[in-house]
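Undergrad: Sharing start.cif below, mmCIF, C-alpha atoms:
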```cif
data_input
loop_
_atom_site.label_atom_id
_atom_site.label_comp_id
_atom_site.auth_asym_id
_atom_site.auth_seq_id
_atom_site.Cartn_x
_atom_site.Cartn_y
_atom_site.Cartn_z
CA MET A 1 -75.85 24.47 7.25
CA ARG A 2 -75.06 22.92 10.61
CA ASP A 3 -71.52 22.08 9.37
CA ARG A 4 -70.55 25.63 8.42
CA ALA A 5 -67.93 25.86 11.21
CA TRP A 6 -66.31 22.56 10.24
CA ILE A 7 -66.19 23.51 6.58
CA LEU A 8 -64.57 26.82 7.35
CA ILE A 9 -62.00 25.20 9.64
CA GLY A 10 -61.22 22.59 6.99
CA LEU A 11 -60.96 25.25 4.29
CA GLY A 12 -58.63 27.27 6.50
CA ALA A 13 -56.42 24.29 7.21
CA PHE A 14 -56.32 23.46 3.51
CA LEU A 15 -55.29 27.00 2.61
CA LEU A 16 -52.63 26.95 5.30
CA LEU A 17 -51.25 23.68 3.95
CA LEU A 18 -51.36 25.00 0.40
CA THR A 19 -49.39 28.10 1.28
CA SER A 20 -47.07 26.34 3.72
CA PRO A 21 -43.96 26.71 1.50
CA LEU A 22 -44.37 30.47 1.72
CA TRP A 23 -44.56 30.43 5.51
CA TRP A 24 -41.75 27.97 5.71
CA ASN A 25 -39.50 30.19 3.62
CA MET A 26 -40.47 33.24 5.60
CA ARG A 27 -39.51 31.44 8.77
CA ALA A 28 -36.19 30.36 7.27
CA ARG A 29 -35.62 33.95 6.09
CA ALA A 30 -35.05 32.81 2.54
CA GLY A 31 -36.20 35.50 0.19
CA LEU A 32 -35.61 36.48 -3.36
CA LYS A 33 -32.23 37.76 -2.33
CA GLY A 34 -30.36 34.54 -2.95
CA PRO A 35 -27.69 32.88 -0.87
CA ASP A 36 -25.21 34.99 1.04
CA LEU A 37 -22.04 33.96 -0.79
CA VAL A 38 -18.60 35.08 0.28
CA LEU A 39 -16.58 35.78 -2.85
CA PRO A 40 -12.80 35.83 -2.84
CA ALA A 41 -11.59 39.29 -1.94
CA ASP A 42 -8.32 39.32 -3.83
CA GLN A 43 -9.44 37.64 -7.07
CA LYS A 44 -11.74 38.96 -9.76
CA ASP A 45 -11.68 36.18 -12.34
CA CYS A 46 -12.48 32.52 -12.08
CA VAL A 47 -11.21 29.86 -14.47
CA MET A 48 -14.28 30.57 -16.62
CA PRO A 49 -16.64 33.57 -16.70
CA ALA A 50 -18.70 33.69 -13.52
CA ARG A 51 -22.01 33.15 -15.33
CA TYR A 52 -20.66 30.01 -16.96
CA MET A 53 -19.26 28.72 -13.68
CA ASN A 54 -22.59 29.43 -12.07
CA SER A 55 -24.42 27.10 -14.43
CA SER A 56 -21.73 24.63 -15.45
CA HIS A 57 -19.08 24.33 -12.74
CA MET A 58 -19.94 20.66 -12.42
CA GLN A 59 -19.02 20.04 -16.05
CA VAL A 60 -15.76 21.92 -15.59
CA LEU A 61 -14.93 19.83 -12.54
CA LEU A 62 -15.77 16.59 -14.33
CA GLU A 63 -13.56 17.57 -17.26
CA TRP A 64 -10.73 18.49 -14.93
CA ARG A 65 -11.12 15.19 -13.11
CA ASP A 66 -10.96 13.13 -16.29
CA GLU A 67 -8.02 15.05 -17.70
CA VAL A 68 -5.94 14.82 -14.53
CA VAL A 69 -6.71 11.24 -13.57
CA ARG A 70 -7.11 9.57 -16.93
CA GLN A 71 -4.97 11.66 -19.26
CA ASP A 72 -2.25 12.90 -16.91
CA LEU A 73 -2.88 16.53 -17.95
CA HIS A 74 -2.49 18.95 -15.07
CA ARG A 75 -2.52 22.49 -16.47
CA PHE A 76 -5.61 24.37 -17.57
CA THR A 77 -5.45 27.49 -19.74
CA ALA A 78 -8.36 29.77 -18.93
CA TYR A 79 -10.30 31.94 -21.37
CA ASP A 80 -8.19 34.92 -20.37
CA GLY A 81 -4.89 33.12 -20.92
CA LYS A 82 -4.14 32.46 -17.26
CA VAL A 83 -2.87 28.98 -16.48
CA TYR A 84 -4.22 27.05 -13.52
CA ASP A 85 -3.44 23.72 -11.88
CA MET A 86 -6.47 21.48 -12.26
CA ARG A 87 -7.04 20.76 -8.59
CA LEU A 88 -10.22 21.03 -6.57
CA SER A 89 -8.70 21.55 -3.12
CA GLY A 90 -5.51 23.20 -4.31
CA THR A 91 -6.93 25.63 -6.87
CA CYS A 92 -10.68 26.12 -6.33
CA LEU A 93 -10.45 26.19 -2.56
CA SER A 94 -7.41 28.45 -2.55
CA CYS A 95 -9.85 31.24 -3.49
CA HIS A 96 -13.23 29.94 -2.35
CA GLU A 97 -14.19 28.85 1.10
CA LYS A 98 -16.22 25.66 0.90
CA ALA A 99 -18.51 26.43 3.85
CA LYS A 100 -19.27 30.01 2.82
CA PHE A 101 -19.44 29.50 -0.93
CA CYS A 102 -20.09 25.96 -2.15
CA ASP A 103 -22.23 24.83 0.76
CA ARG A 104 -24.31 28.01 1.05
CA CYS A 105 -25.38 27.93 -2.58
CA HIS A 106 -25.99 24.19 -2.58
CA ASP A 107 -28.10 24.58 0.56
CA TYR A 108 -30.04 27.48 -0.95
CA VAL A 109 -30.97 25.69 -4.16
CA GLY A 110 -31.55 22.46 -2.30
CA VAL A 111 -28.98 20.48 -4.25
CA LYS A 112 -27.58 17.76 -2.09
CA THR A 113 -23.88 18.29 -1.45
CA PRO A 114 -22.12 16.06 -3.97
CA TYR A 115 -19.78 13.37 -2.74
CA CYS A 116 -16.66 15.31 -3.86
CA TRP A 117 -15.94 16.01 -0.21
CA ASP A 118 -16.02 12.39 0.88
CA CYS A 119 -12.47 12.24 -0.48
CA HIS A 120 -11.28 15.70 -1.48
CA VAL A 121 -10.07 17.58 1.54
CA ASP A 122 -11.41 20.98 2.48
CA PRO A 123 -8.28 22.82 3.67
CA ALA A 124 -10.38 24.51 6.35
CA LEU A 125 -11.22 21.13 7.80
CA THR A 126 -9.78 20.81 11.26
CA ARG A 127 -9.38 18.01 13.71
CA PRO A 128 -12.39 18.81 15.94
CA VAL A 129 -14.63 18.50 12.89
CA LEU A 130 -13.16 15.13 12.06
CA ALA A 131 -13.37 13.90 15.61
CA ARG A 132 -17.12 14.35 15.52
CA ARG A 133 -17.48 11.83 12.73
CA SER A 134 -18.73 8.63 14.26
CA PRO A 135 -16.13 5.87 14.19
CA GLN A 136 -17.26 2.87 12.19
CA MET B 1 -51.43 -11.47 -50.94
CA LYS B 2 -51.75 -14.91 -49.45
CA ILE B 3 -48.71 -16.63 -48.05
CA SER B 4 -48.46 -20.30 -47.29
CA ARG B 5 -46.88 -21.72 -44.16
CA LYS B 6 -43.99 -23.12 -46.18
CA GLN B 7 -43.33 -19.79 -47.87
CA PHE B 8 -43.42 -17.99 -44.51
CA LEU B 9 -40.82 -20.33 -42.99
CA LYS B 10 -38.59 -19.97 -46.05
CA LEU B 11 -38.76 -16.20 -45.86
CA THR B 12 -38.00 -16.15 -42.12
CA GLY B 13 -35.02 -18.45 -42.58
CA ALA B 14 -33.64 -16.39 -45.43
CA SER B 15 -33.91 -13.13 -43.55
CA LEU B 16 -32.34 -14.60 -40.41
CA LEU B 17 -29.41 -15.82 -42.50
CA THR B 18 -29.04 -12.44 -44.17
CA PHE B 19 -28.86 -10.54 -40.91
CA SER B 20 -26.86 -12.95 -38.77
CA GLY B 21 -24.86 -14.82 -41.41
CA GLY B 22 -21.77 -12.64 -40.97
CA LYS B 23 -21.66 -13.11 -37.23
CA LEU B 24 -22.23 -16.83 -37.56
CA TRP B 25 -19.43 -17.11 -40.11
CA SER B 26 -16.93 -15.23 -37.98
CA ALA B 27 -17.89 -17.21 -34.88
CA LEU B 28 -17.30 -20.46 -36.74
CA ALA B 29 -14.13 -19.24 -38.40
CA TYR B 30 -12.45 -18.18 -35.14
CA ALA B 31 -13.89 -20.93 -32.94
CA GLY B 32 -10.76 -23.07 -32.96
CA GLN B 33 -8.26 -20.33 -32.34
CA ALA B 34 -6.85 -19.87 -28.85
CA VAL B 35 -7.21 -16.47 -27.22
CA THR B 36 -3.74 -15.01 -26.83
CA HIS B 37 -2.58 -11.95 -25.01
CA PRO B 38 0.01 -10.21 -27.15
CA VAL B 39 3.20 -9.04 -25.53
CA GLN B 40 2.94 -5.31 -24.91
CA LEU B 41 5.01 -3.20 -27.23
CA VAL B 42 7.27 -0.52 -25.85
CA ARG B 43 5.42 2.74 -26.33
CA GLY B 44 6.89 5.16 -23.82
CA LYS B 45 8.56 4.97 -20.47
CA GLN B 46 8.34 2.15 -18.00
CA TRP B 47 8.89 3.44 -14.51
CA ALA B 48 10.51 0.90 -12.24
CA MET B 49 12.11 0.70 -8.83
CA LEU B 50 15.21 -1.03 -7.54
CA ILE B 51 15.24 -1.73 -3.81
CA ASP B 52 18.61 -2.46 -2.24
CA THR B 53 17.69 -4.42 0.88
CA ARG B 54 21.34 -4.41 2.01
CA LYS B 55 21.21 -0.65 2.42
CA CYS B 56 17.80 -0.94 4.12
CA ALA B 57 19.29 -3.43 6.58
CA GLU B 58 21.92 -0.92 7.64
CA HIS B 59 19.10 1.15 9.18
CA PRO B 60 16.87 -1.42 10.86
CA ASP B 61 14.59 1.09 12.56
CA CYS B 62 14.13 3.38 9.57
CA THR B 63 10.56 3.75 8.32
CA ARG B 64 11.03 7.00 6.43
CA CYS B 65 9.70 5.70 3.10
CA ILE B 66 6.53 4.36 4.71
CA GLU B 67 5.92 7.50 6.74
CA ALA B 68 6.49 9.75 3.73
CA CYS B 69 4.03 7.74 1.65
CA ASP B 70 1.41 7.66 4.40
CA LYS B 71 1.67 11.42 4.82
CA ALA B 72 1.71 12.24 1.11
CA HIS B 73 -1.35 10.14 0.35
CA ASN B 74 -3.45 10.41 3.50
CA ILE B 75 -3.16 6.73 4.29
CA PRO B 76 -4.94 5.94 7.56
CA SER B 77 -3.32 3.94 10.32
CA ILE B 78 -5.89 1.38 11.37
CA LYS B 79 -5.11 -0.92 14.27
CA ASP B 80 -7.39 -3.74 13.13
CA LEU B 81 -5.20 -5.84 10.81
CA ALA B 82 -8.25 -6.96 8.82
CA HIS B 83 -9.03 -3.36 7.91
CA GLU B 84 -5.60 -1.83 7.47
CA VAL B 85 -4.63 0.11 4.35
CA LYS B 86 -1.10 -0.12 2.98
CA TRP B 87 0.72 1.25 -0.03
CA VAL B 88 4.31 0.69 1.05
CA TRP B 89 5.20 -1.61 3.91
CA THR B 90 7.63 -4.37 4.93
CA GLU B 91 7.20 -8.12 5.03
CA PRO B 92 9.64 -10.84 6.12
CA PHE B 93 11.84 -12.19 3.31
CA GLU B 94 10.21 -15.61 3.50
CA ASN B 95 6.81 -14.11 2.64
CA VAL B 96 8.09 -11.80 -0.09
CA PHE B 97 10.17 -14.47 -1.82
CA PRO B 98 8.60 -17.80 -0.82
CA PHE B 99 10.42 -19.68 -3.60
CA GLU B 100 13.86 -18.19 -2.96
CA GLN B 101 14.43 -20.28 0.11
CA THR B 102 16.61 -23.26 0.88
CA ARG B 103 17.07 -25.34 3.97
CA PHE B 104 20.43 -23.72 4.58
CA MET B 105 20.02 -19.98 4.46
CA PRO B 106 22.14 -17.25 6.04
CA ALA B 107 21.00 -16.61 9.60
CA GLY B 108 18.34 -13.93 9.83
CA LEU B 109 17.52 -13.83 6.12
CA LYS B 110 14.13 -15.49 6.59
CA GLU B 111 13.01 -12.79 8.97
CA LYS B 112 14.73 -9.92 7.19
CA PRO B 113 12.18 -7.15 6.53
CA VAL B 114 11.78 -6.37 2.83
CA MET B 115 9.99 -3.30 1.51
CA VAL B 116 7.03 -4.18 -0.68
CA LEU B 117 4.68 -2.15 -2.83
CA CYS B 118 2.70 -2.42 -6.06
CA ASN B 119 4.91 -3.94 -8.77
CA HIS B 120 3.35 -1.95 -11.63
CA CYS B 121 3.41 -5.13 -13.70
CA ASP B 122 3.89 -5.34 -17.46
CA ASN B 123 0.86 -7.61 -17.60
CA PRO B 124 -1.17 -6.64 -14.55
CA PRO B 125 -3.84 -9.17 -13.59
CA CYS B 126 -5.68 -6.52 -11.58
CA VAL B 127 -6.27 -4.51 -14.75
CA ARG B 128 -7.57 -7.53 -16.65
CA VAL B 129 -10.21 -8.27 -14.05
CA CYS B 130 -11.40 -4.72 -13.29
CA PRO B 131 -14.96 -4.49 -14.63
CA THR B 132 -15.15 -0.68 -14.70
CA GLY B 133 -11.75 0.40 -15.98
CA ALA B 134 -11.03 1.99 -12.63
CA THR B 135 -7.52 0.59 -12.80
CA TRP B 136 -5.46 0.55 -15.97
CA LYS B 137 -1.89 0.51 -17.23
CA ARG B 138 -0.79 3.88 -18.53
CA GLU B 139 0.74 3.47 -21.97
CA GLU B 140 2.97 6.50 -21.65
CA ASP B 141 4.89 5.42 -18.54
CA GLY B 142 3.72 1.95 -17.50
CA ILE B 143 2.16 3.01 -14.21
CA VAL B 144 -0.73 0.84 -13.05
CA MET B 145 -3.01 3.73 -12.24
CA MET B 146 -6.21 3.95 -10.25
CA ASP B 147 -9.27 6.13 -10.71
CA TRP B 148 -11.02 6.11 -7.33
CA HIS B 149 -13.97 7.94 -8.83
CA ARG B 150 -14.72 4.88 -10.89
CA CYS B 151 -13.95 2.09 -8.39
CA ILE B 152 -17.08 0.23 -7.33
CA GLY B 153 -15.32 -1.77 -4.62
CA CYS B 154 -15.88 -5.22 -6.11
CA ARG B 155 -12.35 -6.25 -5.04
CA TYR B 156 -11.73 -8.41 -8.13
CA CYS B 157 -8.36 -6.63 -8.44
CA MET B 158 -7.45 -7.68 -4.91
CA ALA B 159 -8.23 -11.27 -5.79
CA GLY B 160 -6.26 -10.91 -9.02
CA CYS B 161 -3.11 -9.38 -7.54
CA PRO B 162 -0.69 -12.14 -6.51
CA TYR B 163 1.32 -9.71 -4.36
CA GLY B 164 -1.40 -8.46 -2.01
CA SER B 165 -0.54 -4.93 -3.05
CA ARG B 166 -4.08 -3.64 -2.82
CA SER B 167 -6.09 -2.61 0.22
CA PHE B 168 -9.80 -2.14 0.64
CA ASN B 169 -11.35 0.64 2.68
CA TRP B 170 -13.60 -1.29 5.04
CA VAL B 171 -14.07 1.78 7.21
CA ASP B 172 -14.10 5.52 6.60
CA PRO B 173 -10.38 6.21 6.21
CA ARG B 174 -10.69 9.67 7.72
CA THR B 175 -11.32 8.18 11.14
CA GLY B 176 -7.79 6.73 11.11
CA LEU B 177 -6.01 9.88 9.98
CA GLY B 178 -4.14 12.03 12.42
CA GLU B 179 -3.53 15.02 10.22
CA LEU B 180 -5.05 15.53 6.79
CA ASN B 181 -2.83 16.48 3.89
CA PRO B 182 -5.03 18.85 1.84
CA THR B 183 -2.94 18.42 -1.32
CA PHE B 184 -4.08 14.83 -1.81
CA PRO B 185 -7.59 13.39 -1.48
CA THR B 186 -8.42 10.72 1.02
CA ARG B 187 -10.38 7.76 -0.22
CA THR B 188 -13.84 6.76 0.84
CA LYS B 189 -15.32 3.65 2.36
CA GLY B 190 -15.78 0.90 -0.23
CA VAL B 191 -12.88 1.79 -2.52
CA VAL B 192 -9.70 -0.16 -3.27
CA GLU B 193 -6.35 1.60 -3.23
CA LYS B 194 -2.67 0.91 -3.75
CA CYS B 195 0.67 2.52 -4.60
CA THR B 196 0.51 4.62 -7.78
CA PHE B 197 4.22 5.55 -8.09
CA CYS B 198 3.16 9.15 -7.29
CA PRO B 199 2.08 10.37 -10.76
CA GLU B 200 1.18 13.75 -9.27
CA ARG B 201 4.81 14.18 -8.22
CA LEU B 202 6.23 12.74 -11.44
CA ALA B 203 4.17 15.32 -13.35
CA ARG B 204 6.08 18.01 -11.49
CA GLY B 205 9.39 16.31 -12.20
CA GLU B 206 9.82 14.99 -8.67
CA ALA B 207 10.65 11.46 -7.55
CA PRO B 208 8.02 9.40 -5.72
CA ALA B 209 7.59 10.33 -2.06
CA CYS B 210 9.25 7.17 -0.72
CA VAL B 211 12.27 7.56 -2.97
CA GLN B 212 12.73 11.17 -1.98
CA ALA B 213 12.39 10.34 1.72
CA CYS B 214 14.98 7.54 1.66
CA GLN B 215 18.30 8.85 2.90
CA ALA B 216 20.10 5.53 2.77
CA GLY B 217 20.03 5.50 -1.02
CA ALA B 218 18.25 2.16 -0.94
CA LEU B 219 15.56 3.13 -3.45
CA LEU B 220 16.38 3.82 -7.07
CA PHE B 221 13.59 4.95 -9.38
CA GLY B 222 13.90 5.29 -13.14
CA ASP B 223 12.83 4.48 -16.66
CA LEU B 224 13.55 0.92 -17.79
CA ASN B 225 13.15 1.88 -21.44
CA ASP B 226 15.95 4.42 -21.23
CA PRO B 227 19.26 2.53 -21.70
CA ALA B 228 21.18 5.41 -20.13
CA SER B 229 19.14 5.54 -16.93
CA ALA B 230 20.73 4.79 -13.58
CA ILE B 231 18.32 1.97 -12.91
CA ARG B 232 19.24 0.24 -16.18
CA THR B 233 22.95 0.54 -15.34
CA GLN B 234 22.34 -0.94 -11.91
CA LEU B 235 20.21 -3.78 -13.26
CA GLU B 236 22.87 -4.59 -15.83
CA THR B 237 25.76 -4.61 -13.37
CA GLN B 238 24.37 -6.67 -10.49
CA ARG B 239 22.07 -9.60 -9.90
CA THR B 240 18.55 -8.63 -8.96
CA ILE B 241 15.40 -10.59 -8.29
CA ARG B 242 11.70 -9.87 -8.67
CA ARG B 243 8.67 -11.23 -6.85
CA ARG B 244 7.11 -14.32 -8.44
CA PRO B 245 8.22 -13.64 -12.05
CA GLU B 246 7.08 -17.16 -12.95
CA LEU B 247 3.49 -15.93 -12.84
CA GLY B 248 4.08 -13.92 -16.00
CA THR B 249 2.97 -10.64 -14.53
CA GLY B 250 6.27 -8.92 -15.34
CA PRO B 251 6.80 -7.03 -12.07
CA ASN B 252 8.75 -3.79 -12.33
CA VAL B 253 10.07 -3.65 -8.79
CA TYR B 254 13.52 -5.22 -8.53
CA TYR B 255 15.40 -6.29 -5.41
CA VAL B 256 19.00 -6.68 -4.42
CA ILE B 257 19.18 -9.07 -1.49
#
```
Turn the structure described in the file into structure tokens.
TA:
Amino acid sequence: MRDRAWILIGLGAFLLLLTSPLWWNMRARAGLKGPDLVLPADQKDCVMPARYMNSSHMQVLLEWRDEVVRQDLHRFTAYDGKVYDMRLSGTCLSCHEKAKFCDRCHDYVGVKTPYCWDCHVDPALTRPVLARRSPQ
Amino acid sequence: MKISRKQFLKLTGASLLTFSGGKLWSALAYAGQAVTHPVQLVRGKQWAMLIDTRKCAEHPDCTRCIEACDKAHNIPSIKDLAHEVKWVWTEPFENVFPFEQTRFMPAGLKEKPVMVLCNHCDNPPCVRVCPTGATWKREEDGIVMMDWHRCIGCRYCMAGCPYGSRSFNWVDPRTGLGELNPTFPTRTKGVVEKCTFCPERLARGEAPACVQACQAGALLFGDLNDPASAIRTQLETQRTIRRRPELGTGPNVYYVI
């Protein structure tokens, strides 16, 4: 029983490591609350019901992409009869703010930001932001 | 059941013939025939452009078409000539029409700047060589279109294009952009790009950005398959030339010199 202290220290460290995600989250203030999304103030409906967009916006965007680029179709009739232009920057970001909507949720769920924004322009993007990109 | 070696070989041979006989037959039957590329049938429109270099020459310092295109499509201005990206630009006559020269040419014609862009060919070599279908000829209006989502940056199309109409993004294009136009995406490093005849504007019933910007009336845009179009009338009433038609690409950009 001379090693009791070492065993207890080791056990403690192991438990700390095992529960580290909990501490980590507590430190990052991420709770069960979910991401703090800023929803458009003047719009109630999206191009699809919110629940569907929540789970399948990527499919919608892929379909829009293929229809615009490959089939030269530009108008989208929503489930409620409203007609939208199929444009990511022009339509989606005219209501949503990328930094306070797209990015916050993607950060929260730990989904790497897709490469949409390598090309598609966030209208909120300003020159100082661009200037920080390292020249290659 | 016992099977002898001879029987086994017979059985194998017979089954091979059964399953691959059809393929073998068709391979042998078509072996001698040359691969031909059928002439494309007229299906819809064929957008084309007529560039009147005489009218261009009246305004030697005008770069409106180039500026309008650069702005509309977020084309970066990159100082390094090896990395530059161009959709619409000018080249000296002698480079644009290398086989239209004689020893005795009007003074200044060799150096005369001529506007160049993608020719939206009838038989585009860039489309034939693209391994991913990222560039294709639209059947409905003849535009040689690009899908930058699908481009893998292999640059076969650049090697295939005899006009040098395509540029490769060697660097992040956003570093060379003064002001971003949010209505059109930029491209990303490792993607090829070129003039697309502005399909996003055509879809709204507008002329391409360069044509709309030209105030000298030097650029005429229209449908070659419409006999009543202005471009057809112009092509039928004056002599025009195209770049390297002998290559069989069928360029759809015409020039009046």
Undergrad: So which residues get picked by the PyMOL selection byres ((chain B and resi 47) around 8) here, written as a PyMOL selection string?
TA: chain B and resi 45-46+48-49+141-143+221-224+252
Undergrad: Which residues are near Tyr255 (chain B)? Cut-off 6 Å, all atoms listed in the file, ignore same chain within fewer than 2 positions. Put them as a short mmCIF file (atom, residue, chain, number, x, y, z; two decimals) with C-alpha atoms, in the coordinates of the input.
TA:
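Listing of result-v1.cif after writing:
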```
data_model
loop_
_atom_site.label_atom_id
_atom_site.label_comp_id
_atom_site.auth_asym_id
_atom_site.auth_seq_id
_atom_site.Cartn_x
_atom_site.Cartn_y
_atom_site.Cartn_z
CA LEU B 50 15.21 -1.03 -7.54
CA ILE B 51 15.24 -1.73 -3.81
CA ASP B 52 18.61 -2.46 -2.24
CA THR B 240 18.55 -8.63 -8.96
CA ILE B 241 15.40 -10.59 -8.29
#
```
Undergrad: Using only C-alpha atoms and a distance of at most 10 Å, pull out the residues of chain B that contact chain A, as number ranges by chain.
TA: B: 74, 134-136, 138, 140, 145-149, 170-189, 199-200, 203-204
Undergrad: Would you compute the distance between CA of Ala107 (chain B) and CA of Glu94 (chain B)? Give it in Å to one decimal.
TA: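 Atom-to-atom, CA of Ala107 (chain B) to CA of Glu94 (chain B), that is 12.4 Å.
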Undergrad: I need the residue nearest Asp107 (chain A) from this list: A:Ala28, A:Ala5, A:Leu22, A:Leu11. Use all atoms listed in the file for the distance.
TA: A:Ala28
Undergrad: Can you tell me how far CA of Ala68 (chain B) sits from CA of Val116 (chain B), in Å to one decimal?
TA: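 Between these atoms lies a distance of 14.6 Å.
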Undergrad: Could you tell me how far CA of Thr77 (chain A) lies from CA of Met48 (chain A), in Å and to one decimal?
TA: 9.9 Å
Undergrad: Evaluate the PyMOL selection byres ((chain B and resi 211) around 10) here and jot the selected residues down as a PyMOL selection string.
TA: chain B and resi 49+51+64-65+68-69+197+206-210+212-221
Undergrad: With the PyMOL selection byres ((chain A and resi 103) around 12) as the selection, what would be picked from this file? Answer as a short mmCIF file (atom, residue, chain, number, x, y, z; two decimals) with C-alpha atoms, keeping the file's coordinate frame, please.
TA:
```cif
data_model
loop_
_atom_site.label_atom_id
_atom_site.label_comp_id
_atom_site.auth_asym_id
_atom_site.auth_seq_id
_atom_site.Cartn_x
_atom_site.Cartn_y
_atom_site.Cartn_z
CA PRO A 35 -27.69 32.88 -0.87
CA ASP A 36 -25.21 34.99 1.04
CA LEU A 37 -22.04 33.96 -0.79
CA VAL A 38 -18.60 35.08 0.28
CA HIS A 96 -13.23 29.94 -2.35
CA GLU A 97 -14.19 28.85 1.10
CA LYS A 98 -16.22 25.66 0.90
CA ALA A 99 -18.51 26.43 3.85
CA LYS A 100 -19.27 30.01 2.82
CA PHE A 101 -19.44 29.50 -0.93
CA CYS A 102 -20.09 25.96 -2.15
CA ARG A 104 -24.31 28.01 1.05
CA CYS A 105 -25.38 27.93 -2.58
CA HIS A 106 -25.99 24.19 -2.58
CA ASP A 107 -28.10 24.58 0.56
CA TYR A 108 -30.04 27.48 -0.95
CA VAL A 109 -30.97 25.69 -4.16
CA GLY A 110 -31.55 22.46 -2.30
CA VAL A 111 -28.98 20.48 -4.25
CA LYS A 112 -27.58 17.76 -2.09
CA THR A 113 -23.88 18.29 -1.45
CA PRO A 114 -22.12 16.06 -3.97
CA CYS A 116 -16.66 15.31 -3.86
CA TRP A 117 -15.94 16.01 -0.21
CA ASP A 122 -11.41 20.98 2.48
#
```
Undergrad: For each of B:Cys118, B:Val127, B:Ala72, B:Ala14, take the minimum atom-to-atom distance to Val88 (chain B), counting all atoms listed in the file, then give the residue where this is smallest.
TA: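 For Val88 (chain B), the nearest of the candidates is B:Cys118.
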Undergrad: If you take every atom of region 146-155 of chain B that the file lists and fit an axis-aligned box around them with 4 Å extra on each side, what centre and edge lengths come out in Å to one decimal, as AutoDock Vina command-line options?
TA:
```
--center_x -11.6 --center_y 0.8 --center_z -7.8 --size_x 18.9 --size_y 22.2 --size_z 14.3
```
Undergrad: Some atoms are absent from region 81-92 of chain A, so rebuild N, CA and C atoms and return them as an mmCIF file, in the frame of the given file.
TA:
```
data_model
loop_
_atom_site.group_PDB
_atom_site.id
_atom_site.type_symbol
_atom_site.label_atom_id
_atom_site.label_comp_id
_atom_site.auth_asym_id
_atom_site.auth_seq_id
_atom_site.Cartn_x
_atom_site.Cartn_y
_atom_site.Cartn_z
ATOM 1 N N GLY A 81 -6.305 33.427 -20.724
ATOM 2 C CA GLY A 81 -4.890 33.120 -20.920
ATOM 3 C C GLY A 81 -4.149 32.718 -19.664
ATOM 4 N N LYS A 82 -4.808 32.862 -18.510
ATOM 5 C CA LYS A 82 -4.140 32.460 -17.260
ATOM 6 C C LYS A 82 -4.087 30.934 -17.189
ATOM 7 N N VAL A 83 -3.030 30.433 -16.578
ATOM 8 C CA VAL A 83 -2.870 28.980 -16.480
ATOM 9 C C VAL A 83 -3.068 28.553 -15.027
ATOM 10 N N TYR A 84 -3.905 27.534 -14.867
ATOM 11 C CA TYR A 84 -4.220 27.050 -13.520
ATOM 12 C C TYR A 84 -3.869 25.571 -13.404
ATOM 13 N N ASP A 85 -3.564 25.148 -12.177
ATOM 14 C CA ASP A 85 -3.440 23.720 -11.880
ATOM 15 C C ASP A 85 -4.846 23.168 -11.746
ATOM 16 N N MET A 86 -5.117 22.026 -12.361
ATOM 17 C CA MET A 86 -6.470 21.480 -12.260
ATOM 18 C C MET A 86 -6.614 20.691 -10.960
ATOM 19 N N ARG A 87 -6.891 21.416 -9.887
ATOM 20 C CA ARG A 87 -7.040 20.760 -8.590
ATOM 21 C C ARG A 87 -8.207 21.390 -7.845
ATOM 22 N N LEU A 88 -9.037 20.537 -7.279
ATOM 23 C CA LEU A 88 -10.220 21.030 -6.570
ATOM 24 C C LEU A 88 -9.824 21.705 -5.254
ATOM 25 N N SER A 89 -9.090 20.971 -4.414
ATOM 26 C CA SER A 89 -8.700 21.550 -3.120
ATOM 27 C C SER A 89 -7.627 22.606 -3.308
ATOM 28 N N GLY A 90 -6.664 22.320 -4.170
ATOM 29 C CA GLY A 90 -5.510 23.200 -4.310
ATOM 30 C C GLY A 90 -5.816 24.487 -5.047
ATOM 31 N N THR A 91 -6.670 24.430 -6.075
ATOM 32 C CA THR A 91 -6.930 25.630 -6.870
ATOM 33 C C THR A 91 -8.263 26.283 -6.497
ATOM 34 N N CYS A 92 -9.357 25.530 -6.601
ATOM 35 C CA CYS A 92 -10.680 26.120 -6.330
ATOM 36 C C CYS A 92 -10.745 26.647 -4.897
#
```
